[in-house]
Amino acid sequence: MKVVARSENDFSRAALELAAGELVAFPTETVYGLGANALDSAAVARIFAAKSRPRFNPLIVHVHDFGVATEYAEFSSLAEELADAFWPGPLTLVLPRIENCALSPLVSAGLDTVALRSPAHKVARHLLETAQLPIAAPSANRSGRISPTSAADVQAELGDFPAMILDGGRCPIGLESTVLRITEDGPQILRSGALPREEIEEVLGRKLTSFGGEEGAPLSPGQLASHYAPESAIRLNVTDPGSGEAFMAFGPDAPPFEGPSINLSESGDLQEAAANFFSALRELDEADVTSIAVMPIPFTGLGEAINDRLQRAAAER
Ligand code: TXA
Ligand code: MG
């Protein structure tokens, strides 16, 4: 049986699989990850193969706590302050990698930095604790596709690649972590995500520089224009969907619609919308339609990350 509940026995088995170089998919508070022992290059290489992920796109290493993280990266006082404020949680820090640390060089894809995060989900934490290993884990989808927010999504995306899929139900946040790089010039958001920009700015006591880079150059190797792509085309900022379309609505003012339609949050709550977003995209994509029309979604709080995912889902492929 591939998808398992989480008995103590399942965690022990998952830890053995990881130690043996196999892949284990597991839930986090953001999305499901496809995990491998981050110390083992052969295991990490399996992640790239399973996802058909370009080798230039580095991976996030998941650690149990700050102490483990300091074995692999150099923390400035600012980085430490942010880890202290937001770990465990949906913040990924991109930091200078400690030379000759034990991590596989593949996780950094040739860069001299490493992305680290200590997840909050209790299944992820118990897995890290049981395995006693750092776990490299991208979202458990084929490269460029919609991120998985349930064990069934992982099964549909990656089928037989992981030796096990730990089932933790639906992911509570539903969007990937915020990726923050800290350089001498200060912190910079490489990927907007589950930790809203405003919350980071509050701790920093100042505004963060805009993500996306100059002229849209990707700051993060993974920030390719097309990502999260459904089969159907996506039309953004639509308030009057046409016949033959599916409709992704938001808020109390959504117009009535005959065709397949999902309202991300009838009350207009961005947290609820984030939690529903990827599964709604998946479900509407399964309807037999030419395109998915999406209502405007505000850019505040988690809305920034939802809009980022939408723009990439709508981008030219
Ligand atoms: O919520 C999440 O972050 C999920 C869960 C499983 O933790 N993981 C996830 O991983 O979204 P992935 O591989 O789908 O996205 C990682 C992002 C990519 O955009 C990648 O380019 C960026 O982080 N990244 C990783 N290491 C980096 C580095 N050293 N420098 C710059 N960007 C990096
Ligand atoms: Mg991903």
# chains A, B, ... in the order shown; residues from 1 in each chain; ligands from 1
call {"tool": "residues_around", "arguments": {"residues": "Ser150 of chain A", "least_positions_apart": "3", "cutoff": "6 Å", "atoms": "only C-alpha atoms", "output": "PyMOL selection string"}}
result
chain A and resi 153+169-170
call {"tool": "residues_near_ligand", "arguments": {"ligand": "ligand 1", "cutoff": "6 Å", "atoms": "only C-alpha atoms and all ligand atoms", "output": "NGL selection string"}}
result
:A and (30-33 or 57-60 or 94 or 108 or 113-115 or 137-139 or 176-177 or 220-223)
call {"tool": "select_by_dssp", "arguments": {"residues": "segment 63-128 of chain A", "states": "helix (DSSP H, G or I)", "output": "PyMOL selection string"}}
result
chain A and resi 66-69+77-86+105-108+122-128
call {"tool": "decode", "arguments": {"residues": "segment 36-104 of chain A", "atoms": "C-alpha atoms", "output": "PDB file, in the first residue's frame"}}
result
ATOM      1  CA  ALA A  36      14.755  12.545  -0.215  1.00  0.00           C
ATOM      2  CA  ASN A  37      17.717  12.306   2.137  1.00  0.00           C
ATOM      3  CA  ALA A  38      19.466  15.632   1.478  1.00  0.00           C
ATOM      4  CA  LEU A  39      22.853  14.093   2.361  1.00  0.00           C
ATOM      5  CA  ASP A  40      22.600  11.492  -0.406  1.00  0.00           C
ATOM      6  CA  SER A  41      23.225  12.692  -3.979  1.00  0.00           C
ATOM      7  CA  ALA A  42      21.804   9.558  -5.579  1.00  0.00           C
ATOM      8  CA  ALA A  43      18.577  10.025  -3.622  1.00  0.00           C
ATOM      9  CA  VAL A  44      18.381  13.741  -4.487  1.00  0.00           C
ATOM     10  CA  ALA A  45      18.967  12.897  -8.161  1.00  0.00           C
ATOM     11  CA  ARG A  46      15.852  10.693  -7.997  1.00  0.00           C
ATOM     12  CA  ILE A  47      13.776  13.770  -7.151  1.00  0.00           C
ATOM     13  CA  PHE A  48      14.918  15.539 -10.323  1.00  0.00           C
ATOM     14  CA  ALA A  49      14.163  12.431 -12.382  1.00  0.00           C
ATOM     15  CA  ALA A  50      10.712  11.826 -10.858  1.00  0.00           C
ATOM     16  CA  LYS A  51       9.614  15.427 -11.451  1.00  0.00           C
ATOM     17  CA  SER A  52      11.440  15.913 -14.778  1.00  0.00           C
ATOM     18  CA  ARG A  53      12.819  18.950 -13.019  1.00  0.00           C
ATOM     19  CA  PRO A  54      15.584  20.993 -14.681  1.00  0.00           C
ATOM     20  CA  ARG A  55      18.877  20.478 -12.873  1.00  0.00           C
ATOM     21  CA  PHE A  56      19.457  24.206 -12.589  1.00  0.00           C
ATOM     22  CA  ASN A  57      16.487  24.542 -10.247  1.00  0.00           C
ATOM     23  CA  PRO A  58      17.683  24.045  -6.645  1.00  0.00           C
ATOM     24  CA  LEU A  59      15.692  22.365  -3.860  1.00  0.00           C
ATOM     25  CA  ILE A  60      14.537  23.396  -0.401  1.00  0.00           C
ATOM     26  CA  VAL A  61      16.127  21.436   2.432  1.00  0.00           C
ATOM     27  CA  HIS A  62      13.721  20.793   5.307  1.00  0.00           C
ATOM     28  CA  VAL A  63      15.216  20.654   8.775  1.00  0.00           C
ATOM     29  CA  HIS A  64      13.713  19.945  12.159  1.00  0.00           C
ATOM     30  CA  ASP A  65      14.977  23.105  13.813  1.00  0.00           C
ATOM     31  CA  PHE A  66      17.310  26.069  13.762  1.00  0.00           C
ATOM     32  CA  GLY A  67      20.171  24.100  15.324  1.00  0.00           C
ATOM     33  CA  VAL A  68      20.244  21.645  12.427  1.00  0.00           C
ATOM     34  CA  ALA A  69      20.016  24.505   9.918  1.00  0.00           C
ATOM     35  CA  THR A  70      23.200  26.090  11.295  1.00  0.00           C
ATOM     36  CA  GLU A  71      25.152  22.977  10.259  1.00  0.00           C
ATOM     37  CA  TYR A  72      24.495  23.830   6.607  1.00  0.00           C
ATOM     38  CA  ALA A  73      24.180  27.606   6.251  1.00  0.00           C
ATOM     39  CA  GLU A  74      25.666  30.788   7.624  1.00  0.00           C
ATOM     40  CA  PHE A  75      23.055  32.754   9.499  1.00  0.00           C
ATOM     41  CA  SER A  76      23.512  36.501   9.738  1.00  0.00           C
ATOM     42  CA  SER A  77      21.856  38.096  12.759  1.00  0.00           C
ATOM     43  CA  LEU A  78      18.985  39.154  10.503  1.00  0.00           C
ATOM     44  CA  ALA A  79      18.544  35.601   9.219  1.00  0.00           C
ATOM     45  CA  GLU A  80      18.541  34.316  12.775  1.00  0.00           C
ATOM     46  CA  GLU A  81      15.963  36.892  13.779  1.00  0.00           C
ATOM     47  CA  LEU A  82      13.671  35.804  10.934  1.00  0.00           C
ATOM     48  CA  ALA A  83      14.080  32.113  11.720  1.00  0.00           C
ATOM     49  CA  ASP A  84      13.325  32.923  15.324  1.00  0.00           C
ATOM     50  CA  ALA A  85      10.169  34.796  14.351  1.00  0.00           C
ATOM     51  CA  PHE A  86       8.773  32.408  11.742  1.00  0.00           C
ATOM     52  CA  TRP A  87      10.150  28.886  12.271  1.00  0.00           C
ATOM     53  CA  PRO A  88       8.657  26.395  12.338  1.00  0.00           C
ATOM     54  CA  GLY A  89       6.536  27.756   9.504  1.00  0.00           C
ATOM     55  CA  PRO A  90       6.175  28.638   5.826  1.00  0.00           C
ATOM     56  CA  LEU A  91       9.317  30.771   5.418  1.00  0.00           C
ATOM     57  CA  THR A  92      12.226  29.473   3.320  1.00  0.00           C
ATOM     58  CA  LEU A  93      15.544  31.266   3.827  1.00  0.00           C
ATOM     59  CA  VAL A  94      18.157  31.296   1.046  1.00  0.00           C
ATOM     60  CA  LEU A  95      21.522  31.682   2.780  1.00  0.00           C
ATOM     61  CA  PRO A  96      25.232  31.206   2.101  1.00  0.00           C
ATOM     62  CA  ARG A  97      25.971  27.494   2.161  1.00  0.00           C
ATOM     63  CA  ILE A  98      28.677  26.342   4.538  1.00  0.00           C
ATOM     64  CA  GLU A  99      31.516  25.093   2.363  1.00  0.00           C
ATOM     65  CA  ASN A 100      32.125  21.360   2.708  1.00  0.00           C
ATOM     66  CA  CYS A 101      28.933  20.863   4.704  1.00  0.00           C
ATOM     67  CA  ALA A 102      27.375  17.405   4.535  1.00  0.00           C
ATOM     68  CA  LEU A 103      24.527  18.347   2.158  1.00  0.00           C
ATOM     69  CA  SER A 104      24.528  16.938  -1.350  1.00  0.00           C
TER      70      SER A 104
END
